[in-house]
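Take a look at the structure below.
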Amino acid sequence: MKPVRILLADDHTIVRKGLRMLLESAGYQVVAEAANGRDAVALADEHRPDVVVMDVAMPILNGIEAARLISAKSAVVFLSMHSDEAYVLKALKSGARGYLLKDSAEHDLILAVRTVHEGKAFFSPAIGKMLVEDYVRQMREQRVEDSYELLTARERQVLQVLAEGRSNKEVATLLDLSLHTVETHRGNIMQKLNLHSTAEIILYAIRKGVIS
């Protein structure tokens with residue numbers, strides 16, 4: 001089996017060295033390193049890595065913008081100091097499949113790379129906990145009911161698989177449904193939960209504990 005090929009992008013050399021040692025000790029292959037977002041995009045085009053592990057804040061071109069150019073070809077995992085919802089949502093909208101806090105990278109990075117390489121989403125446990133607590137607080141303050149109970153059992157299944165980062169076609173195959181049926185369920189889910197994008201579906205699923 002070929003090793004997972006990884007591009008590292010961080011403007012701190014010592015961070016990249018530490019990440020390289022951690023990944024290579026687990027059997028992964030680091031094919032290139034970048035110190036800024038522009039180089040990350042160029043090296044991703046050149047090497048076509050399976051996974052890009054990238055900082056959010058980088059010079060010349062930040063990680064969010066770089067991910068928009070990379071995520072169609074390689075799975076992107078962000079490493080960040082920021083745990084607030086705004087950063088997570090921006091990361092998801094850029095096409096990233098994973099979001100880790102830098103202080104948890106030593107414990108979570110190997111699992112994160114393996115998970116996103118399998119086509120699923122991965123987030124630091126601290127991120128999930130923060131989002132759940134924040135969502136509960138918002139619901140209480142706004143005195144509104146969560147709409148999750150409005151979903152049918154099948155819609156909940158579809159929500160989970162979509163939130164894991166699967167396409168409509170993949171959901172159809174996994175759940176043995178027609179593509180049209182999946183598209184209908186997706187539309188119903190987004191309407192009932194007032195969601196408007198795949199990024200918001202993933203964020204909602206993390207908040208509800210549907211995915212971790």
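Here, A, B, ... name the chains of the structure tokens in the order displayed, residue numbers run from 1 inside each chain, and ligands are numbered from 1 in the same displayed order.
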
(message) Please list as a list in words every residue within 12 Å of A:Tyr87, counting only C-alpha atoms and excluding residues in the same chain fewer than 3 positions away.
(response) Asp55, Val56, Ala57, Gly63, Ile64, Phe78, Leu79, Ser80, Met81, His82, Ser83, Asp84, Lys90, Ala91, Leu92, Lys93, Ser94, Ala96, Tyr99, Leu100, Leu101, Ile127, Leu131, Ala199 and Leu203 of chain A

Find the nearest atom pair between each residue of stretch 61-97 of chain A and stretch 109-123 of chain A for residues within 9 Å, count only C-alpha atoms, give distances in Å to one decimal, sort rows by chain and ascending number, and present the table as a tab-separated table.
residue	atom	partner	partner_atom	distance
A:Ser74	CA	A:His117	CA	8.9
A:Ala75	CA	A:Val116	CA	6.4
A:Val76	CA	A:Val116	CA	7.8
A:Val77	CA	A:Val113	CA	7.4
A:Ala96	CA	A:Ala121	CA	8.4
A:Arg97	CA	A:Ala121	CA	4.8

For the residues in that selection, give me all heavy atoms as a short mmCIF file (atom, residue, chain, number, x, y, z; two decimals), in the first residue's frame.
data_model
loop_
_atom_site.label_atom_id
_atom_site.label_comp_id
_atom_site.auth_asym_id
_atom_site.auth_seq_id
_atom_site.Cartn_x
_atom_site.Cartn_y
_atom_site.Cartn_z
N SER A 74 -6.77 18.10 -3.29
CA SER A 74 -6.17 17.46 -2.11
C SER A 74 -7.03 17.77 -0.87
O SER A 74 -7.62 18.85 -0.78
CB SER A 74 -4.76 17.99 -1.85
OG SER A 74 -3.92 17.81 -2.98
N ALA A 75 -7.09 16.82 0.05
CA ALA A 75 -7.80 17.06 1.30
C ALA A 75 -6.99 18.02 2.16
O ALA A 75 -5.78 17.87 2.30
CB ALA A 75 -8.02 15.75 2.04
N VAL A 76 -7.65 19.02 2.72
CA VAL A 76 -6.95 20.04 3.52
C VAL A 76 -7.32 19.90 4.99
O VAL A 76 -8.50 19.80 5.35
CB VAL A 76 -7.32 21.46 3.03
CG1 VAL A 76 -6.69 22.52 3.96
CG2 VAL A 76 -6.85 21.68 1.60
N VAL A 77 -6.29 19.89 5.83
CA VAL A 77 -6.46 19.92 7.28
C VAL A 77 -5.83 21.20 7.79
O VAL A 77 -4.64 21.45 7.55
CB VAL A 77 -5.77 18.72 7.96
CG1 VAL A 77 -5.87 18.85 9.48
CG2 VAL A 77 -6.39 17.41 7.50
N ALA A 96 -11.97 22.85 3.32
CA ALA A 96 -11.18 22.02 4.23
C ALA A 96 -12.02 20.89 4.81
O ALA A 96 -13.23 21.04 5.03
CB ALA A 96 -10.61 22.87 5.37
N ARG A 97 -11.37 19.76 5.06
CA ARG A 97 -12.05 18.61 5.66
C ARG A 97 -11.72 18.45 7.14
O ARG A 97 -12.39 17.69 7.84
CB ARG A 97 -11.66 17.32 4.93
CG ARG A 97 -12.25 17.18 3.54
CD ARG A 97 -11.88 15.82 2.96
NE ARG A 97 -12.44 15.61 1.65
CZ ARG A 97 -13.64 15.10 1.42
NH1 ARG A 97 -14.41 14.78 2.44
NH2 ARG A 97 -14.08 14.91 0.19
#

(request) From stretch 3-191 of chain A, collect each residue whose DSSP state is helix (DSSP H, G or I) and return the set as a PyMOL selection string. (result) chain A and resi 13-25+37-47+63-70+85-93+102-117+125-142+148-150+153-163+168-175+179-191

(request) May I have the residues within 12 Å of stretch 29-45 of chain A as a VMD selection string, using only C-alpha atoms and disregarding those fewer than 6 positions away in the same chain? (result) chain A and resid 2 to 23 51 to 76 113

(request) List every residue of stretch 16-159 of chain A that DSSP, applied to the backbone, labels as strand (DSSP E or B), and write the result as a VMD selection string. (result) chain A and resid 29 to 34 51 to 55 75 to 80 98 to 101 122 to 123

(request) Mind giving me the straight-line distance from atom CA of A:Leu151 to atom CA of A:Asn188 in Å, one decimal? (result)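 That distance, rounded to one decimal, is 8.4 Å.
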
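One finds atom CA of A:Ala205 at 9.3 Å from atom CA of A:Leu162.
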
(message) Set the distance at 9 Å and use only C-alpha atoms: which residues neighbour A:Ser104 once local chain neighbours fewer than 5 positions away are removed? I'd like the list as a ChimeraX atom specification.
(response) /A:109,124-126

(message) Between atom CA of A:Met1 and atom CA of A:Gly27, what distance in Å does the model show, to one decimal?
(response)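 Going from atom CA of A:Met1 over to atom CA of A:Gly27 covers 11.1 Å.
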
(request) May I ask which of the residues A:Asp50, A:Ala163, A:Gln191, A:Gln157 is the closest one to A:Leu175, counting only C-alpha atoms? (result) A:Gln157
